[in-house]
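A.B. asks: Next comes the structure file final00.cif, holding mmCIF, C-alpha atoms and all ligand atoms.
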data_query
#
loop_
_atom_site.group_PDB
_atom_site.id
_atom_site.type_symbol
_atom_site.label_atom_id
_atom_site.label_comp_id
_atom_site.auth_asym_id
_atom_site.auth_seq_id
_atom_site.Cartn_x
_atom_site.Cartn_y
_atom_site.Cartn_z
ATOM 1 C CA MET A 6 132.340 -100.019 153.036
ATOM 2 C CA ASN A 7 134.594 -100.263 156.064
ATOM 3 C CA ASP A 8 134.418 -96.559 156.758
ATOM 4 C CA LYS A 9 132.459 -95.445 159.755
ATOM 5 C CA ASN A 10 131.685 -91.996 158.293
ATOM 6 C CA ALA A 11 128.566 -91.406 156.221
ATOM 7 C CA ASN A 12 130.641 -89.510 153.668
ATOM 8 C CA PRO A 13 134.163 -90.937 153.692
ATOM 9 C CA LEU A 14 137.066 -88.722 152.703
ATOM 10 C CA VAL A 15 138.954 -90.184 149.747
ATOM 11 C CA LEU A 16 142.395 -88.888 148.725
ATOM 12 C CA ILE A 17 143.172 -89.659 145.076
ATOM 13 C CA THR A 18 146.620 -89.058 143.547
ATOM 14 C CA GLY A 19 146.966 -88.449 139.815
ATOM 15 C CA ALA A 20 143.403 -87.152 139.692
ATOM 16 C CA SER A 21 143.818 -84.593 136.895
ATOM 17 C CA ARG A 22 143.242 -87.074 134.052
ATOM 18 C CA GLY A 23 143.043 -90.718 133.063
ATOM 19 C CA LEU A 24 142.041 -93.303 135.645
ATOM 20 C CA GLY A 25 142.459 -90.853 138.569
ATOM 21 C CA ARG A 26 139.972 -88.424 137.045
ATOM 22 C CA CYS A 27 137.467 -91.267 136.581
ATOM 23 C CA LEU A 28 138.041 -92.351 140.198
ATOM 24 C CA ALA A 29 137.132 -88.815 141.272
ATOM 25 C CA VAL A 30 133.941 -88.918 139.192
ATOM 26 C CA ALA A 31 133.022 -92.365 140.576
ATOM 27 C CA GLY A 32 133.648 -91.137 144.144
ATOM 28 C CA ALA A 33 131.595 -87.979 143.589
ATOM 29 C CA LYS A 34 128.647 -90.037 142.305
ATOM 30 C CA ARG A 35 128.693 -91.819 145.667
ATOM 31 C CA ALA A 36 128.849 -88.499 147.592
ATOM 32 C CA HIS A 37 132.322 -89.242 148.899
ATOM 33 C CA ARG A 38 134.310 -86.224 150.085
ATOM 34 C CA LEU A 39 137.277 -85.873 147.768
ATOM 35 C CA ALA A 40 140.847 -84.621 148.147
ATOM 36 C CA LEU A 41 142.473 -84.517 144.715
ATOM 37 C CA THR A 42 146.126 -84.155 143.832
ATOM 38 C CA ALA A 43 148.282 -83.932 140.661
ATOM 39 C CA ARG A 44 150.570 -81.259 139.193
ATOM 40 C CA ASP A 45 147.979 -79.643 136.899
ATOM 41 C CA ALA A 46 146.366 -77.182 139.340
ATOM 42 C CA ALA A 47 144.035 -75.629 136.761
ATOM 43 C CA GLY A 48 142.870 -79.030 135.495
ATOM 44 C CA LEU A 49 142.168 -80.207 139.042
ATOM 45 C CA GLU A 50 140.178 -77.048 139.805
ATOM 46 C CA ARG A 51 138.096 -77.457 136.624
ATOM 47 C CA LEU A 52 137.347 -81.054 137.570
ATOM 48 C CA ALA A 53 136.508 -80.115 141.161
ATOM 49 C CA ALA A 54 134.158 -77.320 140.050
ATOM 50 C CA GLY A 55 132.322 -79.719 137.720
ATOM 51 C CA LEU A 56 131.983 -82.372 140.436
ATOM 52 C CA ARG A 57 130.686 -79.854 143.002
ATOM 53 C CA GLN A 58 128.157 -78.542 140.498
ATOM 54 C CA GLU A 59 126.959 -81.932 139.253
ATOM 55 C CA HIS A 60 127.089 -83.967 142.463
ATOM 56 C CA GLY A 61 127.094 -81.364 145.247
ATOM 57 C CA CYS A 62 129.974 -83.135 146.953
ATOM 58 C CA GLU A 63 132.857 -81.605 148.895
ATOM 59 C CA VAL A 64 136.016 -81.499 146.777
ATOM 60 C CA GLN A 65 139.330 -79.790 147.490
ATOM 61 C CA CYS A 66 142.485 -79.761 145.384
ATOM 62 C CA PHE A 67 146.066 -80.073 146.608
ATOM 63 C CA PRO A 68 148.271 -79.579 143.539
ATOM 64 C CA GLY A 69 151.924 -80.589 143.638
ATOM 65 C CA ASP A 70 154.642 -82.751 142.138
ATOM 66 C CA LEU A 71 154.673 -85.898 144.263
ATOM 67 C CA SER A 72 158.034 -86.975 142.882
ATOM 68 C CA LEU A 73 159.742 -84.096 144.718
ATOM 69 C CA PRO A 74 161.266 -84.742 148.138
ATOM 70 C CA GLY A 75 158.897 -83.942 151.006
ATOM 71 C CA LEU A 76 155.872 -83.290 148.778
ATOM 72 C CA ALA A 77 153.979 -86.453 149.752
ATOM 73 C CA GLN A 78 154.304 -85.658 153.449
ATOM 74 C CA GLN A 79 153.342 -82.028 152.807
ATOM 75 C CA CYS A 80 150.298 -83.089 150.793
ATOM 76 C CA ALA A 81 149.178 -85.411 153.623
ATOM 77 C CA ARG A 82 149.512 -82.591 156.164
ATOM 78 C CA LEU A 83 147.596 -80.106 154.003
ATOM 79 C CA VAL A 84 144.737 -82.558 153.457
ATOM 80 C CA GLU A 85 144.526 -83.434 157.159
ATOM 81 C CA ASP A 86 144.607 -79.752 158.165
ATOM 82 C CA SER A 87 141.884 -78.620 155.797
ATOM 83 C CA MET A 88 139.603 -81.673 155.440
ATOM 84 C CA GLY A 89 140.568 -84.060 158.242
ATOM 85 C CA ALA A 90 142.186 -87.483 158.045
ATOM 86 C CA PRO A 91 141.335 -89.461 154.885
ATOM 87 C CA ASP A 92 139.392 -92.698 155.265
ATOM 88 C CA VAL A 93 140.651 -93.906 151.899
ATOM 89 C CA LEU A 94 143.926 -93.320 150.058
ATOM 90 C CA ILE A 95 144.089 -94.254 146.393
ATOM 91 C CA ASN A 96 147.718 -94.265 145.239
ATOM 92 C CA ASN A 97 147.058 -93.902 141.530
ATOM 93 C CA ALA A 98 149.607 -91.408 140.137
ATOM 94 C CA GLY A 99 152.162 -93.130 137.947
ATOM 95 C CA ILE A 100 154.375 -92.533 134.908
ATOM 96 C CA GLY A 101 156.181 -94.770 132.460
ATOM 97 C CA TRP A 102 157.833 -94.678 129.053
ATOM 98 C CA TRP A 103 158.337 -97.393 126.449
ATOM 99 C CA ARG A 104 162.059 -97.226 125.663
ATOM 100 C CA SER A 105 165.147 -99.281 126.302
ATOM 101 C CA PHE A 106 166.781 -99.200 129.725
ATOM 102 C CA LEU A 107 169.864 -97.449 128.295
ATOM 103 C CA ASP A 108 167.772 -94.806 126.553
ATOM 104 C CA HIS A 109 166.356 -93.701 129.914
ATOM 105 C CA SER A 110 168.536 -91.198 131.773
ATOM 106 C CA ASP A 111 169.336 -91.538 135.472
ATOM 107 C CA GLU A 112 166.923 -88.599 135.977
ATOM 108 C CA ASP A 113 164.161 -90.563 134.183
ATOM 109 C CA HIS A 114 164.787 -93.530 136.486
ATOM 110 C CA ASP A 115 164.719 -91.309 139.561
ATOM 111 C CA ARG A 116 161.379 -89.768 138.493
ATOM 112 C CA LEU A 117 159.888 -93.231 137.903
ATOM 113 C CA ILE A 118 161.033 -94.531 141.270
ATOM 114 C CA ASP A 119 160.175 -91.328 143.132
ATOM 115 C CA LEU A 120 156.593 -91.054 141.828
ATOM 116 C CA ASN A 121 155.601 -94.705 141.300
ATOM 117 C CA PHE A 122 157.042 -96.015 144.555
ATOM 118 C CA ARG A 123 158.711 -93.557 146.950
ATOM 119 C CA ALA A 124 155.716 -91.155 146.992
ATOM 120 C CA VAL A 125 153.368 -94.083 147.692
ATOM 121 C CA VAL A 126 155.448 -95.182 150.669
ATOM 122 C CA HIS A 127 155.687 -91.653 152.071
ATOM 123 C CA LEU A 128 152.008 -90.770 151.580
ATOM 124 C CA THR A 129 150.913 -94.053 153.111
ATOM 125 C CA HIS A 130 153.333 -93.620 156.036
ATOM 126 C CA ALA A 131 152.002 -90.111 156.674
ATOM 127 C CA LEU A 132 148.320 -91.084 156.617
ATOM 128 C CA LEU A 133 148.365 -94.454 158.376
ATOM 129 C CA PRO A 134 148.715 -93.155 161.941
ATOM 130 C CA ALA A 135 145.308 -91.422 161.835
ATOM 131 C CA MET A 136 143.742 -94.510 160.238
ATOM 132 C CA THR A 137 145.156 -96.843 162.890
ATOM 133 C CA GLN A 138 144.076 -94.456 165.629
ATOM 134 C CA ARG A 139 140.486 -94.646 164.360
ATOM 135 C CA GLY A 140 140.733 -98.363 163.666
ATOM 136 C CA HIS A 141 139.576 -98.128 160.076
ATOM 137 C CA GLY A 142 140.866 -97.087 156.673
ATOM 138 C CA HIS A 143 141.506 -98.416 153.181
ATOM 139 C CA ILE A 144 144.592 -98.018 150.995
ATOM 140 C CA ILE A 145 144.221 -98.890 147.333
ATOM 141 C CA ASN A 146 147.366 -99.113 145.238
ATOM 142 C CA ILE A 147 147.099 -98.954 141.465
ATOM 143 C CA ALA A 148 149.919 -101.123 140.136
ATOM 144 C CA SER A 149 149.810 -102.890 136.750
ATOM 145 C CA ASP A 150 149.596 -106.326 135.201
ATOM 146 C CA LEU A 151 153.382 -105.835 134.998
ATOM 147 C CA ALA A 152 153.525 -106.163 138.801
ATOM 148 C CA ASP A 153 154.253 -109.878 138.529
ATOM 149 C CA ARG A 154 155.863 -110.350 135.129
ATOM 150 C CA PRO A 155 158.802 -108.868 133.218
ATOM 151 C CA LEU A 156 158.595 -106.427 130.298
ATOM 152 C CA GLY A 157 161.693 -105.260 128.479
ATOM 153 C CA ASN A 158 161.719 -101.591 127.449
ATOM 154 C CA MET A 159 159.717 -100.777 130.559
ATOM 155 C CA THR A 160 162.321 -102.190 132.906
ATOM 156 C CA VAL A 161 162.359 -99.702 135.766
ATOM 157 C CA TYR A 162 158.613 -98.976 135.429
ATOM 158 C CA THR A 163 157.998 -102.713 135.792
ATOM 159 C CA ALA A 164 160.348 -102.855 138.779
ATOM 160 C CA THR A 165 158.407 -100.061 140.519
ATOM 161 C CA LYS A 166 155.159 -101.992 140.033
ATOM 162 C CA HIS A 167 156.755 -105.198 141.411
ATOM 163 C CA ALA A 168 157.860 -103.123 144.402
ATOM 164 C CA LEU A 169 154.353 -101.747 144.837
ATOM 165 C CA ARG A 170 152.917 -105.265 144.849
ATOM 166 C CA GLY A 171 155.388 -106.435 147.498
ATOM 167 C CA PHE A 172 154.674 -103.313 149.523
ATOM 168 C CA SER A 173 150.885 -103.786 149.342
ATOM 169 C CA HIS A 174 150.798 -107.384 150.464
ATOM 170 C CA SER A 175 153.425 -106.939 153.183
ATOM 171 C CA LEU A 176 151.787 -103.800 154.556
ATOM 172 C CA SER A 177 148.439 -105.574 154.521
ATOM 173 C CA GLN A 178 149.832 -108.235 156.874
ATOM 174 C CA GLU A 179 150.925 -105.491 159.280
ATOM 175 C CA VAL A 180 147.828 -103.317 159.294
ATOM 176 C CA ARG A 181 144.939 -105.738 158.738
ATOM 177 C CA PRO A 182 144.842 -106.584 162.473
ATOM 178 C CA LEU A 183 144.500 -102.834 163.115
ATOM 179 C CA GLY A 184 141.352 -102.564 160.979
ATOM 180 C CA ILE A 185 143.051 -101.186 157.854
ATOM 181 C CA LYS A 186 142.466 -102.755 154.454
ATOM 182 C CA VAL A 187 145.070 -102.702 151.667
ATOM 183 C CA SER A 188 144.070 -103.576 148.111
ATOM 184 C CA LEU A 189 146.056 -103.804 144.898
ATOM 185 C CA LEU A 190 144.672 -103.285 141.391
ATOM 186 C CA ASN A 191 146.658 -104.605 138.430
ATOM 187 C CA PRO A 192 145.178 -103.203 135.227
ATOM 188 C CA GLY A 193 146.282 -104.219 131.784
ATOM 189 C CA MET A 194 146.507 -101.499 129.148
ATOM 190 C CA ILE A 195 144.162 -98.565 129.827
ATOM 191 C CA ASP A 196 142.926 -96.127 127.193
ATOM 192 C CA THR A 197 144.409 -92.994 128.807
ATOM 193 C CA SER A 198 147.100 -90.474 127.911
ATOM 194 C CA PHE A 199 149.683 -92.552 129.813
ATOM 195 C CA HIS A 200 153.058 -92.596 128.025
ATOM 196 C CA THR A 201 152.419 -90.778 124.735
ATOM 197 C CA MET A 202 148.949 -92.163 123.991
ATOM 198 C CA GLU A 203 145.907 -90.009 123.298
ATOM 199 C CA GLU A 204 143.097 -90.748 125.769
ATOM 200 C CA GLY A 205 140.121 -92.346 124.028
ATOM 201 C CA SER A 206 142.131 -93.483 120.988
ATOM 202 C CA LEU A 207 142.135 -97.250 121.614
ATOM 203 C CA ASP A 208 139.502 -99.894 120.937
ATOM 204 C CA GLU A 209 137.801 -101.173 124.098
ATOM 205 C CA ALA A 210 138.667 -104.746 123.118
ATOM 206 C CA VAL A 211 142.397 -104.062 123.478
ATOM 207 C CA ALA A 212 142.487 -101.409 126.221
ATOM 208 C CA LEU A 213 140.401 -100.962 129.356
ATOM 209 C CA LYS A 214 138.203 -97.866 129.518
ATOM 210 C CA PRO A 215 139.071 -95.844 132.633
ATOM 211 C CA GLY A 216 135.429 -95.172 133.592
ATOM 212 C CA PRO A 217 134.360 -98.808 134.126
ATOM 213 C CA LEU A 218 137.740 -99.539 135.735
ATOM 214 C CA ALA A 219 137.151 -96.741 138.257
ATOM 215 C CA GLU A 220 133.708 -98.220 139.016
ATOM 216 C CA LEU A 221 135.447 -101.546 139.689
ATOM 217 C CA VAL A 222 137.810 -99.849 142.138
ATOM 218 C CA MET A 223 134.770 -98.457 143.973
ATOM 219 C CA THR A 224 133.509 -102.025 144.466
ATOM 220 C CA MET A 225 136.707 -102.713 146.450
ATOM 221 C CA LEU A 226 135.577 -99.981 148.847
ATOM 222 C CA GLU A 227 132.062 -101.334 148.970
ATOM 223 C CA GLN A 228 132.956 -104.770 150.356
ATOM 224 C CA PRO A 229 131.518 -105.631 153.769
ATOM 225 C CA GLY A 230 133.752 -104.695 156.706
ATOM 226 C CA HIS A 231 134.897 -108.289 157.267
ATOM 227 C CA GLN A 232 135.964 -108.762 153.631
ATOM 228 C CA VAL A 233 138.934 -107.354 151.700
ATOM 229 C CA VAL A 234 139.988 -107.589 148.054
ATOM 230 C CA ASP A 235 143.743 -108.210 148.363
ATOM 231 C CA GLU A 236 144.522 -108.067 144.657
ATOM 232 C CA MET A 237 142.627 -107.867 141.401
ATOM 233 C CA THR A 238 143.974 -108.126 137.833
ATOM 234 C CA VAL A 239 141.886 -106.834 134.935
ATOM 235 C CA HIS A 240 142.467 -106.935 131.188
ATOM 236 C CA ALA A 241 140.635 -105.997 128.028
ATOM 237 C CA THR A 242 139.584 -109.288 126.487
ATOM 238 C CA ARG A 243 141.787 -108.946 123.405
ATOM 239 C CA GLN A 244 144.855 -107.331 124.964
ATOM 240 C CA ASP A 245 147.884 -109.213 123.771
ATOM 241 C CA TYR A 246 149.638 -110.206 127.035
HETATM 242 P P1 LIG B 1 147.701 -90.818 132.986
HETATM 243 O O1 LIG B 1 146.467 -90.619 132.179
HETATM 244 O O2 LIG B 1 149.023 -90.450 132.379
HETATM 245 O O3 LIG B 1 147.510 -90.042 134.374
HETATM 246 C C1 LIG B 1 148.563 -90.005 135.296
HETATM 247 C C2 LIG B 1 148.172 -89.093 136.446
HETATM 248 O O4 LIG B 1 149.331 -88.978 137.306
HETATM 249 C C3 LIG B 1 147.813 -87.695 135.984
HETATM 250 O O5 LIG B 1 146.757 -87.185 136.751
HETATM 251 C C4 LIG B 1 149.084 -86.902 136.253
HETATM 252 O O6 LIG B 1 148.733 -85.556 136.523
HETATM 253 C C5 LIG B 1 149.615 -87.595 137.511
HETATM 254 N N1 LIG B 1 151.046 -87.362 137.645
HETATM 255 C C6 LIG B 1 152.022 -87.585 136.722
HETATM 256 N N2 LIG B 1 153.192 -87.180 137.203
HETATM 257 C C7 LIG B 1 152.971 -86.686 138.454
HETATM 258 C C8 LIG B 1 153.796 -86.109 139.446
HETATM 259 N N3 LIG B 1 155.112 -85.959 139.260
HETATM 260 N N4 LIG B 1 153.226 -85.713 140.618
HETATM 261 C C9 LIG B 1 151.897 -85.854 140.818
HETATM 262 N N5 LIG B 1 151.055 -86.405 139.914
HETATM 263 C C10 LIG B 1 151.594 -86.804 138.741
HETATM 264 O O7 LIG B 1 147.872 -92.332 133.446
HETATM 265 P P2 LIG B 1 146.785 -93.462 133.813
HETATM 266 O O8 LIG B 1 146.749 -94.426 132.682
HETATM 267 O O9 LIG B 1 145.529 -92.862 134.303
HETATM 268 O O10 LIG B 1 147.576 -94.172 135.003
HETATM 269 C C11 LIG B 1 147.037 -94.322 136.296
HETATM 270 C C12 LIG B 1 147.788 -95.457 136.985
HETATM 271 O O11 LIG B 1 147.521 -96.679 136.276
HETATM 272 C C13 LIG B 1 149.310 -95.304 137.001
HETATM 273 O O12 LIG B 1 149.822 -95.717 138.248
HETATM 274 C C14 LIG B 1 149.781 -96.255 135.914
HETATM 275 O O13 LIG B 1 151.091 -96.750 136.164
HETATM 276 C C15 LIG B 1 148.735 -97.346 136.027
HETATM 277 N N6 LIG B 1 148.568 -98.168 134.818
HETATM 278 C C16 LIG B 1 148.328 -97.573 133.623
HETATM 279 C C17 LIG B 1 148.167 -98.380 132.483
HETATM 280 C C18 LIG B 1 147.877 -97.795 131.116
HETATM 281 O O14 LIG B 1 147.965 -98.526 130.112
HETATM 282 N N7 LIG B 1 147.488 -96.528 131.007
HETATM 283 C C19 LIG B 1 148.258 -99.778 132.605
HETATM 284 C C20 LIG B 1 148.502 -100.345 133.851
HETATM 285 C C21 LIG B 1 148.652 -99.519 134.955
HETATM 286 P P3 LIG B 1 149.669 -84.287 136.211
HETATM 287 O O15 LIG B 1 150.312 -84.509 134.884
HETATM 288 O O16 LIG B 1 148.683 -83.159 136.269
HETATM 289 O O17 LIG B 1 150.637 -84.243 137.344
#
Let me see the file written as structure tokens.
Ligand code: NAP

C.D. replies:
Amino acid sequence: MNDKNANPLVLITGASRGLGRCLAVAGAKRAHRLALTARDAAGLERLAAGLRQEHGCEVQCFPGDLSLPGLAQQCARLVEDSMGAPDVLINNAGIGWWRSFLDHSDEDHDRLIDLNFRAVVHLTHALLPAMTQRGHGHIINIASDLADRPLGNMTVYTATKHALRGFSHSLSQEVRPLGIKVSLLNPGMIDTSFHTMEEGSLDEAVALKPGPLAELVMTMLEQPGHQVVDEMTVHATRQDY
């Protein structure tokens, strides 16, 4: 762990369900302090209450729609004001739909770009100054195995994940000398409620389970200070890709 604090503060976006929820559970098990965000305020509060009760960790929720203008910056300010500057930012929130490019509306495309990419840039930009001031911090971006290949019918989603990959590696070059690590995770299909799926409905051979994947993300944080995982791609063994 590169963090100097005994109990690092981890901000997780998209924490109300799916992989983000499992990241919160994995962080709580390690006694990390947690700042959780997503739109579902009641779901976040239920999760936070369970984590406090089971793990005794500090958890606060900052509900909001990160695709709206100014929300990422506002979320960063609220977290810093009430919990202090995060040591770790996990940019996990993301949406996508399987349909042809023309069957998406311009509003759909804006939501994809605004949440999957613009919010990541703004949240990272808002939180980096405190990290650079302290000379440590870790940004983990959850992209996709589509971050370096094409997939028709998920055209703009795929483009946002390509953008996230370019952003991660380029930012890493800038901030690594300042003591900040940037890591990228490219999962294959995950058994969550992403798109229109029902969480827990897929066989583990074809779709990654979010719990073990979240544990893998924690290992990125647990590398020695002089070592960084730049990028990791993970698939279920029988995913057709
Ligand atoms: P998920 O189960 O659908 O969860 C998405 C999370 O993002 C939820 O907590 C959701 O909470 C939040 N979210 C959605 N819209 C939001 C908004 N406008 N503002 C703030 N939060 C919002 O998806 P997942 O499978 O866990 O996906 C996690 C990440 O993995 C995403 O970046 C996704 O692109 C990536 N990924 C997923 C798969 C897959 O097959 N599932 C594969 C590769 C990569 P609310 O609805 O409460 O806002």

A.B. asks: Starting from the shown file, work through the PyMOL selection byres (((chain A and resi 178-188) around 10) and not hetatm) and note down what comes out as a VMD selection string.

C.D. replies: chain A and resid 7 to 8 92 to 95 133 136 to 147 170 172 to 177 189 to 190 222 225 to 226 230 to 237

A.B. asks: Please extract the residues at most 6 Å from ligand LIG 1 (chain B), counting all atoms listed in the file, and provide them as a count of residues only, using the chain letters and residue numbers of this document.

C.D. replies: 30

A.B. asks: What does the distance from CA of Leu132 in chain A to CA of Glu227 in chain A come to in Å, to one decimal?

C.D. replies: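 Separating CA of Leu132 in chain A from CA of Glu227 in chain A is a distance of 20.7 Å.
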
A.B. asks: Quick one, how far is CA of Glu59 in chain A from CA of Ala36 in chain A?

C.D. replies: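 Atom-to-atom, CA of Glu59 in chain A to CA of Ala36 in chain A, that is 10.8 Å.
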
A.B. asks: If I take CA of Ala77 in chain A and CA of His37 in chain A, how far is one from the other in Å, to one decimal?

C.D. replies: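 Separation between CA of Ala77 in chain A and CA of His37 in chain A: 21.9 Å.
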
A.B. asks: Between A:Ser105, A:Arg26, A:Val84, A:Thr163, which one has atoms that come closest to Glu204 in chain A, using all atoms listed in the file?

C.D. replies: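 The shortest atom-to-atom distance to Glu204 in chain A comes from A:Arg26.
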
A.B. asks: At a cut-off of 12 Å, using only C-alpha atoms, what residues contact range 50-55 of chain A? Leave out same-chain residues fewer than 4 positions from it and give the result as an NGL selection string.

C.D. replies: :A and (20-22 or 25-30 or 32-34 or 38-46 or 59-68)

A.B. asks: Which one is closest to Gly89 in chain A: A:His200, A:Asp153, A:Leu49, A:Ala135? Count all atoms listed in the file.

C.D. replies: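 Ranked by minimum distance to Gly89 in chain A, first place goes to A:Ala135.
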
A.B. asks: Using only C-alpha atoms for the distances, tell me which of A:Leu218, A:Leu169, A:Ala47, A:Leu14 is nearest to Ala31 in chain A.

C.D. replies: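 Nearest candidate to Ala31 in chain A out of A:Leu218, A:Leu169, A:Ala47, A:Leu14: A:Leu218.
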
A.B. asks: Put range 148-170 of chain A into a file with N, CA and C atoms, as an mmCIF file, in the first residue's frame.

C.D. replies:
data_model
loop_
_atom_site.group_PDB
_atom_site.id
_atom_site.type_symbol
_atom_site.label_atom_id
_atom_site.label_comp_id
_atom_site.auth_asym_id
_atom_site.auth_seq_id
_atom_site.Cartn_x
_atom_site.Cartn_y
_atom_site.Cartn_z
ATOM 1 N N ALA A 148 -12.093 0.131 -16.505
ATOM 2 C CA ALA A 148 -12.453 0.276 -17.930
ATOM 3 C C ALA A 148 -13.182 -0.985 -18.359
ATOM 4 N N SER A 149 -12.605 -1.749 -19.288
ATOM 5 C CA SER A 149 -13.273 -2.925 -19.847
ATOM 6 C C SER A 149 -12.284 -3.598 -20.786
ATOM 7 N N ASP A 150 -12.542 -4.883 -21.065
ATOM 8 C CA ASP A 150 -11.705 -5.524 -22.093
ATOM 9 C C ASP A 150 -12.006 -4.910 -23.473
ATOM 10 N N LEU A 151 -13.022 -4.049 -23.530
ATOM 11 C CA LEU A 151 -13.296 -3.320 -24.782
ATOM 12 C C LEU A 151 -12.453 -2.057 -24.895
ATOM 13 N N ALA A 152 -11.532 -1.850 -23.934
ATOM 14 C CA ALA A 152 -10.714 -0.629 -23.958
ATOM 15 C C ALA A 152 -9.656 -0.660 -25.048
ATOM 16 N N ASP A 153 -9.404 -1.857 -25.625
ATOM 17 C CA ASP A 153 -8.419 -1.881 -26.710
ATOM 18 C C ASP A 153 -8.858 -2.746 -27.887
ATOM 19 N N ARG A 154 -10.177 -2.896 -28.026
ATOM 20 C CA ARG A 154 -10.685 -3.601 -29.216
ATOM 21 C C ARG A 154 -12.058 -3.028 -29.568
ATOM 22 N N PRO A 155 -12.502 -3.250 -30.812
ATOM 23 C CA PRO A 155 -13.815 -2.719 -31.194
ATOM 24 C C PRO A 155 -14.946 -3.664 -30.818
ATOM 25 N N LEU A 156 -16.150 -3.130 -30.610
ATOM 26 C CA LEU A 156 -17.348 -3.973 -30.507
ATOM 27 C C LEU A 156 -18.548 -3.202 -31.038
ATOM 28 N N GLY A 157 -19.035 -3.641 -32.193
ATOM 29 C CA GLY A 157 -20.239 -3.058 -32.759
ATOM 30 C C GLY A 157 -21.413 -3.251 -31.815
ATOM 31 N N ASN A 158 -22.360 -2.371 -31.874
ATOM 32 C CA ASN A 158 -23.539 -2.332 -30.997
ATOM 33 C C ASN A 158 -23.230 -1.847 -29.587
ATOM 34 N N MET A 159 -21.952 -1.616 -29.316
ATOM 35 C CA MET A 159 -21.586 -0.909 -28.080
ATOM 36 C C MET A 159 -20.568 0.169 -28.464
ATOM 37 N N THR A 160 -20.848 0.847 -29.542
ATOM 38 C CA THR A 160 -19.857 1.705 -30.192
ATOM 39 C C THR A 160 -19.376 2.844 -29.300
ATOM 40 N N VAL A 161 -20.300 3.608 -28.760
ATOM 41 C CA VAL A 161 -19.867 4.772 -27.965
ATOM 42 C C VAL A 161 -19.385 4.315 -26.588
ATOM 43 N N TYR A 162 -20.012 3.267 -26.030
ATOM 44 C CA TYR A 162 -19.504 2.685 -24.774
ATOM 45 C C TYR A 162 -18.040 2.291 -24.957
ATOM 46 N N THR A 163 -17.768 1.575 -26.040
ATOM 47 C CA THR A 163 -16.402 1.116 -26.319
ATOM 48 C C THR A 163 -15.456 2.309 -26.484
ATOM 49 N N ALA A 164 -15.946 3.344 -27.143
ATOM 50 C CA ALA A 164 -15.112 4.549 -27.325
ATOM 51 C C ALA A 164 -14.790 5.188 -25.968
ATOM 52 N N THR A 165 -15.762 5.199 -25.052
ATOM 53 C CA THR A 165 -15.466 5.805 -23.734
ATOM 54 C C THR A 165 -14.406 4.994 -22.995
ATOM 55 N N LYS A 166 -14.408 3.680 -23.191
ATOM 56 C CA LYS A 166 -13.427 2.841 -22.480
ATOM 57 C C LYS A 166 -12.036 2.978 -23.129
ATOM 58 N N HIS A 167 -12.000 3.144 -24.476
ATOM 59 C CA HIS A 167 -10.717 3.473 -25.122
ATOM 60 C C HIS A 167 -10.178 4.786 -24.562
ATOM 61 N N ALA A 168 -11.076 5.766 -24.428
ATOM 62 C CA ALA A 168 -10.659 7.079 -23.911
ATOM 63 C C ALA A 168 -10.117 6.939 -22.494
ATOM 64 N N LEU A 169 -10.774 6.120 -21.696
ATOM 65 C CA LEU A 169 -10.351 5.940 -20.306
ATOM 66 C C LEU A 169 -8.964 5.302 -20.237
ATOM 67 N N ARG A 170 -8.705 4.394 -21.168
ATOM 68 C CA ARG A 170 -7.386 3.738 -21.200
ATOM 69 C C ARG A 170 -6.294 4.760 -21.563
#
